[in-house]
Amino acid sequence: MKNLTKLTLLVLSVFLISNSLIGQESEELNISGVVYDENEVPLPGANIIISGTKKGVQTDFDGRYEIPAKKGSVLVFSYLGYTTQRVTIEDTSKINITLQTDISGLDQIVVIGYGSSSKKRVTASISTIRSSDIEDIPSPGLQSVMTSKISGVQITQISGKVESGIKVRIRGISTIGASQEPLYVIDGVPVINDDESINNSPINPLIGLNTSDIESIDFLKDASSAAIYGARGTNGVIIITTKQGKANKTKITFSNSTGWSEATHRKEMLNAEQYVELFTEAALNSGLTTAEIETKFDQLALGKDWRNGNVDTDWQDLALVSGNTRNINLSASGGTEKVKYYFSTSYDKTEGIIRGNELDRYTLRGKVDTDISEKTSAGFNISLSKITIDRLSNDNTFISPLQSIAQSPLTPALLDDGTANVDPLSTLYANFLGQEQTGRFVTDIWRTTLNVYGEHYFLPSFKFRSEIGYDANNQNAERFSGSLTESASINGFGIVNNTITERYILTNYFNYKKKFGENFNFSMTVGGSFEETNRKNQFATGSGFPSDNLQTISSALFTTGGSTKTKYNFLSYFARSKFDIKDTYLFNLSIRQDGSSRFGENSKTGWFPAASGAWIVSNENFLSSSYTLSKLKLRASWGVTGNAGIGNFASRDLYAATSYAQRIAITPSFIGDPNLKWERTTQVDFGLDFGLFNNTISGEFDYYEKETNDLLVNEPIPGTSGFSTVTRNVGSLSNKGIEFSLKARIITKPSFIWNTSTIFSMNKNEITDLPNGDIIDGVNIIRKGESISSFYLYEYAGVDSSNGDALFYTNTVNSNGSLDRTTTNDVANASKIIKGNPFPNYQVGFTNSMKVKDFDFQFTFQGEFGASIYNQAGRFQSGNARFFDNQTVDQLDRWQNPGDITQVPQARLEQNNGQEASTRYLQEADFIRLRNITLGYTINPEFTKRFFVQKARFYFSGLNLLTFTDYEGYDPESTADFNGNSGVRTGIANYSAPPAKTYTLGINIEF
Amino acid sequence: MKTYLKTIALLVFTLLSVNCETKLDTEPRQAISTEEALSTSENITRLLIGIYAEAAKGESYGGRIHTISELLANHTDLKWNGTFAEPQEFNIKTISTTNSFVQNFWLNSYDISNQTNIVLDKLDLFEDENIKNRNEGEAKFLRALVYFDLVRFFAKPYENGDNAQEPGVPIITDPVYKLDDVTRPSKKTIGEVYEFVINDLTDAANLLPNYNGIFATKNAALALLARVYLQQGDYERALTSANEVINTNIHSLTNEYFMAFNQNNNSSEDIFAWQYTDQDRGNNHMNDFWAGEAFGGRSGNPDIAITDDFLTIFDEPLNDRRAAFFNTTLTGGKGTFKWELSRNIPFIRIAEMYLITAESNFRLGTAVGATPLWDINEIRKRSNATTLTTVTLEDILAERNRELSFEGHKIHDIKRLKLRVGDLQYNSERLILPIPQREIDVNPNL
């Protein structure tokens, strides 16, 4: 059989060659050369054909090709994902070509859920980040890879802690009471995204993912793309695909980097001298005597002479340290036509910028894809990771290192013998150094993600695929607080908490794909999936430890423990059909049915349809040869998605166990709504993709409207019922916005390449219906007609210059509907108003990448505008010395004498004067940030190849190096981590750590 | 053909693998349904025990209700050192409708009310009449307890029926099992609420046994009734109820003052106490705010410190053990020794009954049970204070203050005795807790 094929080929080629010989009219040259990519790496498998003929060859393993062609004919060089180049043959017979990445991405593959499509044929709004976009940037985590690369997606790291959770918001917030997080699908497995942190400060759910393993990240933004994930598509879907080996292209990469980091910003706090000055004045203003306040200073200083500057503790300097990052990554990939593999392993060590915060991570991935027969293929993909984190208390605890800025600068941090000063009179709050010295808090995470698939072609046009996915997240947290902590009085307190969450998902689908006639393409996918998630938790706490060195619960005098388990599942069926006419008119229809155990007896299943269409105008005759408007595609889509991110049993009336005086008891725990169902979001999207000047400039524009109905809200019910809330479907909200991205290839000379891209997005959120009125949670409010989680505060009106009283606008409603703008010094006479909200109206990103000879240079600016942040700690740290907490230096600008004009009221120790939750502590958080900047140098491959090195690159990279903002808090992106899981409480800072500013040096080597 | 078979096999596999409709019915593992929970008398008793746990929470009798009373009544006796905004609002008598302490007090009280209503609705499940009576009595005791505090805190002070028609708080007697049962009630009058409380307590006193372990007894119901009558200024009935408790001789003063506090078992003088063990650590919120570090509280000064102004109430500061019941190592105020972590919180002590009979007898000019002088001297002797030879009403009230300080009586005494808090009259609106905003928002009838 094999011989027969060979013979046929031989005959055929002889025929072809003789044919061309016969037809020879002009001079035939034997053209040869090498095709490179823009990194000067040879491209195997590139296509070279002679324009107007069917004659063509492919480059070999070294990127070489040889083709006979006539003088004057045109060679067309193409490769998937690269811009096609045409070269007219003149006299030279050697033609080396460098192909540029096609930044329009129109020929690239886009993963769409249960399949893939070429970008060209996509009718929905899907944005993609590819490994080529990110591989030259060392990235501590996924968020820095994604931030400001995709329009319409806001990615925020909650705080500067190394394990900090991330918030990803695609096209605004579409829910109040349910999860706001997108669905992450890694290689077909919807991964577990539950926060298992024991201290309310979320841990990044994707912390175990080695970003070097990522081939592409696809963002399904509109409903027509996300609807295939039905009840979990509302917040958008992020599909992460890991790398796969390529046939005949063995590649071993090694990279190593070291970085240094520090906080992006520090607050200016009072030093000892200023502290004494301000608090002496505050005490006198409150009727205390100098002697009384000096006694207090003596106590704080713990016998040190504060008058002569013997003590001046900079607590912030103790809390914020310089960090360190190290990364080693090794991968190997390759294979034959039949078996392809990818293996990688990595080690990361990150010492955070907050004292005591550290992370160690080990990852391992193995992926094999194999063709069992001509019709059947199978493969598996295993990812293992282990993460050990030295954690800190959340932002709302005294022993959080950054809360130590509340301590007085007169307080010595350490005693003379080096132990933490925990004297109750000297420290205003528990000293975090005591926790550091006699406590620990470590979380270990083991994560296993697995995917096994088999695929069989019954016919060339008909395929069946079956996948089994598995994800296990095992987290173990151990925490101990010993003799120099707040738990000293009970002889230490320890907790151990273990959680295992396991998910398996079984997916089967058929795919049919056929071309009918010349002009009609049709494809259809039909399948189903069943998914089950089990969570088990065990914990124990203990108190009464004989020694700080005996930290396990076994050593405790008193212990308590407990365990819980729960599960939920989804049963889903889906179908999608795509068809196009002449590659020009594209249509896509899909439907999914989801059933979930989470929902009420009366509505266990729901339907999620979607439809979209596109018209590639540039394929029409009247445009097909246009150089100026080289690509033009119009898109429109409509679809329905759901959000099922609520408690597992929110629809039930339930009783739970309790106890009293060691007697067993039960208590009502929930009242449920049997009609509970998913939130439904209907989204329409109109889009336009274009390319100008042969795609030198390309862009995408989208307008969307999302309307979410049946909002899952923890609706307050009369407390007189014995219950306070019930999860129900009430109310509606909408998000409307535009997204725009523009890419341009400014210079494309082989020795100088310059690409630039800009993204812009705008989103407007509005609560359109809330039948039972406002929902107020702290300083955030949800009110009809306003943006979600708007701030609801008294309006600060500055200082009465005659007496130093803080003033507020009364803002009571006059009879004519206007607000009364008179001022009062008593908030009891004032009304709260809505002022600002925590979400940006506009986001921009600006990326440039350049390549000059052996140097590469890249930078990204990120900007967000329109969000505000409320400083919950403001009343303590910028509260004109009401409490003994150290103050920000701006408080020195306090009112002192009648006639003084200032925004800081008179300092009055232990008396209220303007510390209420008001707009005084609300600030706009607009910023522009140099997100990353990278400068690399690649040694000439011709030289390194002598040492079997295909590529050797050295680089310097910086993260968050510059931030331009008027925001005075720690950072316009960092907010309180203990609100990390709350849907309503957002945009609040509370001693929240700023992100790290990191400088990295590294090397990448490819063999 | 082979392919065809394969196809069929795969199709069957597919259908099988995804045909799991029944799997959508997952059952919770940490909770049970209403039907299961309320099907047996044993479970109803367990629900009843759960109500004590609810009431003993920090939000209610585990600390905050007492703390609110003491801070509302405070002028210069206490010093607020803490950073929580909510207690500070009580201290400065400017209480916002969103104060979470107030909100949780309200919610927890009605949660208790609803659970007692469930118990009372399910009494038919009991076959043994004694057990049934005991359950009914305890439920009514607990229900009366929360309504008494609701009306005392959320409505104007009771003034001899003069304002009995003014709004009190809603009274709920129908159990809420499911969402459809939820109502939007309006307020009952102050008079109606007091009447409801007295009826429940009278029933409870009739139904409950003399001995009932740590749970409510006949004496607990009578003692609480005495408190209610005292609040109304009905000294005759207060006297009768308190005297009835004393006459059972079940309870007696402990030998030393300190023995009345920080116990893990009820002391001889506890008529009713909230139970805490190391298992329930953290529920004792009295400790959170009132104890210094030495008593398992937070580091530094106690959030609520006692000032020298308060200490002037002790006429014999050197002898009186109660004057030394403070943590004196701290400056900026002292901490009381009354509230140690994970120890019981005494709720009604026999000492209070002596004080009620003394005050009532004095006001009525009677000597039912004992003379006021005898009662007062019993209390003084126990704390090593010299006995008095004569007593005045002021002496009795001062003794009450010395004996029961920080146990949650202060604001109610100010209101019934028509005293002042600083510049504020006893009936000032600022001494009344506002109905929580969240409640007004969802219930237009309030």
# chains A, B, ... in the order shown; residues from 1 in each chain; ligands from 1

$ closest_atom_pairs --of "chain A" --to "chain B" --cutoff "6 Å" --atoms "only C-alpha atoms" --output "tab-separated table"
residue	atom	partner	partner_atom	distance
A:Pro424	CA	B:Gly300	CA	4.1
A:Leu425	CA	B:Gly300	CA	5.7
A:Ser489	CA	B:Gly296	CA	5.0
A:Phe530	CA	B:Val18	CA	5.9
A:Ser596	CA	B:Leu24	CA	5.9
A:Ser597	CA	B:Leu24	CA	4.6
A:Leu654	CA	B:Ser33	CA	4.8
A:Tyr655	CA	B:Ile32	CA	5.2
A:Ala656	CA	B:Ala31	CA	4.4
A:Tyr660	CA	B:Ala53	CA	5.0
A:Ala661	CA	B:Gln275	CA	5.7
A:Ala665	CA	B:Arg46	CA	4.2
A:Ile666	CA	B:Leu47	CA	4.8
A:Thr667	CA	B:Gly50	CA	5.6
A:Pro718	CA	B:Val442	CA	5.8
A:Gly719	CA	B:Leu107	CA	5.2
A:Thr720	CA	B:Tyr110	CA	5.0
A:Ser721	CA	B:Val182	CA	5.6
A:Gly722	CA	B:Asp111	CA	3.6

$ write_last_selection --atoms "C-alpha atoms" --output "PDB file, in the first residue's frame"
ATOM      1  CA  PRO A 424      -0.640  46.843  76.174  1.00  0.00           C
ATOM      2  CA  LEU A 425      -0.085  50.475  77.049  1.00  0.00           C
ATOM      3  CA  SER A 489      -4.320  35.354  77.143  1.00  0.00           C
ATOM      4  CA  PHE A 530     -22.541  15.996  33.068  1.00  0.00           C
ATOM      5  CA  SER A 596     -28.638  22.180  38.040  1.00  0.00           C
ATOM      6  CA  SER A 597     -29.204  20.892  41.528  1.00  0.00           C
ATOM      7  CA  LEU A 654     -33.521  24.127  55.921  1.00  0.00           C
ATOM      8  CA  TYR A 655     -32.637  23.383  59.521  1.00  0.00           C
ATOM      9  CA  ALA A 656     -29.086  22.940  60.741  1.00  0.00           C
ATOM     10  CA  TYR A 660     -26.110  25.062  73.601  1.00  0.00           C
ATOM     11  CA  ALA A 661     -24.200  24.246  76.747  1.00  0.00           C
ATOM     12  CA  ALA A 665     -29.921  21.385  69.145  1.00  0.00           C
ATOM     13  CA  ILE A 666     -31.299  22.407  65.787  1.00  0.00           C
ATOM     14  CA  THR A 667     -32.078  25.777  64.339  1.00  0.00           C
ATOM     15  CA  PRO A 718     -39.122  41.567  57.182  1.00  0.00           C
ATOM     16  CA  GLY A 719     -36.903  40.515  60.069  1.00  0.00           C
ATOM     17  CA  THR A 720     -40.063  40.029  62.115  1.00  0.00           C
ATOM     18  CA  SER A 721     -40.432  36.747  60.209  1.00  0.00           C
ATOM     19  CA  GLY A 722     -37.392  35.352  61.956  1.00  0.00           C
TER      20      GLY A 722
END

$ residues_around --residues "stretch 386-403 of chain B" --least-positions-apart "2" --cutoff "6 Å" --atoms "only C-alpha atoms" --output "MDAnalysis selection string"
chainID B and resid 373 377 405

$ residues_around --residues "B:Ile356" --least-positions-apart "5" --cutoff "10 Å" --atoms "only C-alpha atoms" --output "list in words"
Ala223, Ala226, Arg227, Tyr229, Leu230, Tyr235, Ala238, Leu239, Thr240, Ser241, Ala242, Asn243, Ile350, Ala351, Asn361, Phe362, Pro372, Asp375, Ile396, Leu397 and Arg400 of chain B

$ residues_around --residues "stretch 144-151 of chain A" --least-positions-apart "4" --cutoff "7 Å" --atoms "only C-alpha atoms" --output "VMD selection string"
chain A and resid 127 134 139 155 739 to 741 759 to 761 844 to 845 862

$ write_last_selection --atoms "N, CA and C atoms" --output "mmCIF file, in the first residue's frame"
data_model
loop_
_atom_site.group_PDB
_atom_site.id
_atom_site.type_symbol
_atom_site.label_atom_id
_atom_site.label_comp_id
_atom_site.auth_asym_id
_atom_site.auth_seq_id
_atom_site.Cartn_x
_atom_site.Cartn_y
_atom_site.Cartn_z
ATOM 1 N N SER A 127 -12.124 37.688 21.845
ATOM 2 C CA SER A 127 -10.770 38.248 21.783
ATOM 3 C C SER A 127 -9.786 37.208 22.277
ATOM 4 N N ILE A 134 2.691 37.096 24.714
ATOM 5 C CA ILE A 134 3.035 37.168 26.134
ATOM 6 C C ILE A 134 4.336 36.469 26.480
ATOM 7 N N SER A 139 5.909 36.716 33.707
ATOM 8 C CA SER A 139 4.663 37.077 34.365
ATOM 9 C C SER A 139 4.490 36.276 35.638
ATOM 10 N N ILE A 155 -9.289 43.685 34.614
ATOM 11 C CA ILE A 155 -8.610 42.688 35.431
ATOM 12 C C ILE A 155 -7.889 43.405 36.548
ATOM 13 N N GLU A 739 -16.518 48.857 22.621
ATOM 14 C CA GLU A 739 -15.143 48.373 22.707
ATOM 15 C C GLU A 739 -14.486 48.652 21.369
ATOM 16 N N PHE A 740 -13.251 49.016 21.449
ATOM 17 C CA PHE A 740 -12.560 49.364 20.224
ATOM 18 C C PHE A 740 -11.116 48.920 20.357
ATOM 19 N N SER A 741 -10.625 48.250 19.358
ATOM 20 C CA SER A 741 -9.209 47.943 19.385
ATOM 21 C C SER A 741 -8.622 48.201 18.010
ATOM 22 N N ILE A 759 -6.298 49.741 22.827
ATOM 23 C CA ILE A 759 -7.668 49.308 23.114
ATOM 24 C C ILE A 759 -8.378 50.377 23.916
ATOM 25 N N PHE A 760 -9.652 50.436 23.722
ATOM 26 C CA PHE A 760 -10.473 51.394 24.448
ATOM 27 C C PHE A 760 -11.794 50.723 24.754
ATOM 28 N N SER A 761 -12.279 50.872 25.948
ATOM 29 C CA SER A 761 -13.626 50.377 26.204
ATOM 30 C C SER A 761 -14.352 51.267 27.184
ATOM 31 N N VAL A 844 -8.373 52.118 28.943
ATOM 32 C CA VAL A 844 -7.559 52.149 27.742
ATOM 33 C C VAL A 844 -6.307 51.313 27.939
ATOM 34 N N GLY A 845 -5.786 50.859 26.846
ATOM 35 C CA GLY A 845 -4.516 50.141 26.882
ATOM 36 C C GLY A 845 -3.731 50.525 25.639
ATOM 37 N N GLN A 862 -1.551 51.273 30.724
ATOM 38 C CA GLN A 862 -2.921 50.934 31.056
ATOM 39 C C GLN A 862 -3.539 52.161 31.706
#

$ residues_around --residues "stretch 132-142 of chain B" --least-positions-apart "6" --cutoff "9 Å" --atoms "only C-alpha atoms" --output "compact mmCIF listing (two decimals) with C-alpha atoms, in the first residue's frame"
# COMPACT_ATOMS: atom_id res chain seq x y z
CA SER B 41 -41.14 15.85 69.78
CA ILE B 44 -38.96 20.20 68.90
CA THR B 45 -37.05 20.09 72.18
CA LEU B 48 -36.05 24.83 71.85
CA ILE B 51 -33.38 29.04 70.87
CA TYR B 52 -31.26 29.39 74.01
CA ALA B 55 -30.50 34.14 72.61
CA ILE B 112 -36.10 33.86 68.65
CA SER B 113 -39.75 34.89 68.56
CA GLN B 115 -38.67 29.78 66.80
CA THR B 116 -40.68 29.95 70.00
CA ASN B 117 -43.79 30.23 67.83
CA VAL B 119 -42.30 25.22 69.27
CA LEU B 120 -45.68 26.42 70.51
CA LEU B 123 -46.77 21.07 71.00
CA ASP B 124 -49.22 18.46 69.77
CA LEU B 125 -46.27 16.21 68.99
CA PHE B 126 -45.64 15.76 72.71
CA VAL B 197 -45.13 39.71 77.92
CA ASN B 199 -49.34 36.80 79.86
CA ASP B 200 -46.50 34.71 78.51
CA LEU B 201 -44.55 34.92 81.74
CA THR B 202 -47.60 34.13 83.84
CA ASP B 203 -48.26 31.07 81.69
CA ALA B 204 -44.60 30.12 81.89
CA ALA B 205 -44.58 30.40 85.66
CA ASN B 206 -47.58 28.09 85.80
CA LEU B 207 -46.16 25.57 83.36
CA LEU B 208 -42.53 25.38 84.40
CA PRO B 209 -41.08 23.14 87.11
CA ASN B 212 -35.04 22.40 85.12
CA PHE B 215 -32.99 26.01 81.40
CA ALA B 216 -35.79 28.32 82.38
CA THR B 217 -37.60 27.42 85.60
CA LYS B 218 -40.72 28.63 87.34
CA ALA B 220 -36.89 32.33 86.17
CA ALA B 221 -40.32 33.23 84.84
CA LEU B 224 -38.45 38.11 84.98

$ residues_around --residues "stretch 184-198 of chain A" --least-positions-apart "6" --cutoff "9 Å" --atoms "only C-alpha atoms" --output "compact mmCIF listing (two decimals) with N, CA and C atoms, in the first residue's frame"
# COMPACT_ATOMS: atom_id res chain seq x y z
N GLY A 113 -15.25 26.81 22.43
CA GLY A 113 -16.04 25.94 23.30
C GLY A 113 -16.61 24.79 22.50
N TYR A 114 -16.23 23.56 22.82
CA TYR A 114 -16.63 22.38 22.06
C TYR A 114 -16.23 22.54 20.59
N GLY A 165 -6.15 37.26 45.24
CA GLY A 165 -7.18 36.96 44.26
C GLY A 165 -7.24 38.01 43.18
N ASN A 204 -5.85 33.68 44.61
CA ASN A 204 -5.99 33.59 43.17
C ASN A 204 -6.33 32.14 42.76
N PRO A 205 -7.50 31.92 42.14
CA PRO A 205 -7.91 30.55 41.84
C PRO A 205 -7.03 29.88 40.79
N LEU A 206 -6.33 30.68 40.00
CA LEU A 206 -5.51 30.10 38.93
C LEU A 206 -4.03 30.14 39.32
N GLY A 236 -19.19 35.99 31.08
CA GLY A 236 -18.17 35.75 30.07
C GLY A 236 -17.43 34.46 30.36
N VAL A 237 -16.76 33.95 29.35
CA VAL A 237 -16.04 32.69 29.50
C VAL A 237 -14.61 32.94 29.07
N ILE A 238 -13.68 32.45 29.86
CA ILE A 238 -12.27 32.56 29.49
C ILE A 238 -11.76 31.15 29.23
N ILE A 239 -11.42 30.90 27.98
CA ILE A 239 -10.96 29.57 27.61
C ILE A 239 -9.44 29.60 27.50
N ILE A 240 -8.82 28.80 28.32
CA ILE A 240 -7.36 28.75 28.30
C ILE A 240 -6.94 27.43 27.66
N THR A 241 -6.11 27.54 26.62
CA THR A 241 -5.63 26.34 25.93
C THR A 241 -4.14 26.25 26.16
N THR A 242 -3.70 25.09 26.56
CA THR A 242 -2.26 24.96 26.83
C THR A 242 -1.53 24.49 25.57
N ASN A 381 -3.81 15.12 29.14
CA ASN A 381 -3.15 16.33 29.57
C ASN A 381 -3.24 16.37 31.08
N THR A 443 -0.47 28.19 54.00
CA THR A 443 -1.46 27.46 53.22
C THR A 443 -0.73 26.67 52.14
N THR A 449 -5.17 18.90 37.58
CA THR A 449 -6.16 19.05 36.53
C THR A 449 -5.82 18.06 35.43
N LEU A 450 -6.83 17.37 34.98
CA LEU A 450 -6.60 16.26 34.07
C LEU A 450 -7.65 16.28 32.98
N ASN A 451 -7.23 15.95 31.80
CA ASN A 451 -8.20 15.85 30.72
C ASN A 451 -7.78 14.70 29.80
N GLU A 467 -14.76 13.43 26.14
CA GLU A 467 -13.73 13.98 27.03
C GLU A 467 -14.10 13.71 28.46
N ILE A 468 -13.11 13.37 29.24
CA ILE A 468 -13.32 13.31 30.68
C ILE A 468 -12.38 14.31 31.31
N GLY A 469 -12.95 15.20 32.04
CA GLY A 469 -12.14 16.20 32.71
C GLY A 469 -12.20 16.00 34.20
N TYR A 470 -11.14 16.36 34.86
CA TYR A 470 -11.08 16.20 36.31
C TYR A 470 -10.27 17.34 36.89
N ASP A 471 -10.76 17.88 37.96
CA ASP A 471 -10.04 18.96 38.61
C ASP A 471 -10.13 18.74 40.10
N ALA A 472 -9.01 18.78 40.78
CA ALA A 472 -9.02 18.61 42.23
C ALA A 472 -8.20 19.71 42.86
N ASN A 473 -8.81 20.35 43.82
CA ASN A 473 -8.14 21.43 44.53
C ASN A 473 -8.10 21.06 46.00
N GLN A 475 -6.66 22.11 49.56
CA GLN A 475 -6.02 23.22 50.27
C GLN A 475 -5.94 22.91 51.75
N ALA A 477 -4.72 24.71 55.32
CA ALA A 477 -4.26 25.93 55.97
C ALA A 477 -3.96 25.64 57.43
N ASN A 497 -7.18 23.67 58.76
CA ASN A 497 -8.36 23.60 57.93
C ASN A 497 -8.00 22.94 56.60
N THR A 499 -9.48 21.47 52.92
CA THR A 499 -10.61 21.43 52.00
C THR A 499 -10.21 20.72 50.73
N THR A 501 -11.78 19.92 47.06
CA THR A 501 -12.88 20.06 46.10
C THR A 501 -12.51 19.27 44.87
N GLU A 502 -13.42 18.45 44.45
CA GLU A 502 -13.17 17.61 43.28
C GLU A 502 -14.27 17.83 42.28
N ARG A 503 -13.90 17.91 41.04
CA ARG A 503 -14.92 18.04 40.01
C ARG A 503 -14.60 17.07 38.88
N TYR A 504 -15.59 16.38 38.43
CA TYR A 504 -15.37 15.64 37.20
C TYR A 504 -16.42 16.06 36.19
N ILE A 505 -16.06 16.02 34.96
CA ILE A 505 -17.00 16.41 33.91
C ILE A 505 -16.84 15.46 32.74
N THR A 507 -17.96 14.88 28.91
CA THR A 507 -18.52 15.61 27.77
C THR A 507 -18.46 14.73 26.53
N THR A 533 -19.55 18.36 41.28
CA THR A 533 -18.52 18.93 42.14
C THR A 533 -18.81 18.54 43.58
N ASN A 981 -14.99 38.71 48.19
CA ASN A 981 -16.02 37.83 47.68
C ASN A 981 -17.40 38.46 47.70

$ select_by_dssp --residues "stretch 128-377 of chain A" --states "alpha helix (DSSP H)" --output "VMD selection string"
chain A and resid 131 to 134 142 to 146 223 to 226 272 to 285 290 to 301 315 to 319

$ residues_around --residues "A:Asp900" --least-positions-apart "6" --cutoff "10 Å" --atoms "only C-alpha atoms" --output "list in words"
Val799, Asp800, Ser801, Ser802, Asn803, Gly804, Asp893 and Arg894 of chain A

$ select_by_dssp --residues "stretch 170-307 of chain B" --states "strand (DSSP E)" --output "number ranges by chain"
B: 270-274, 304-306
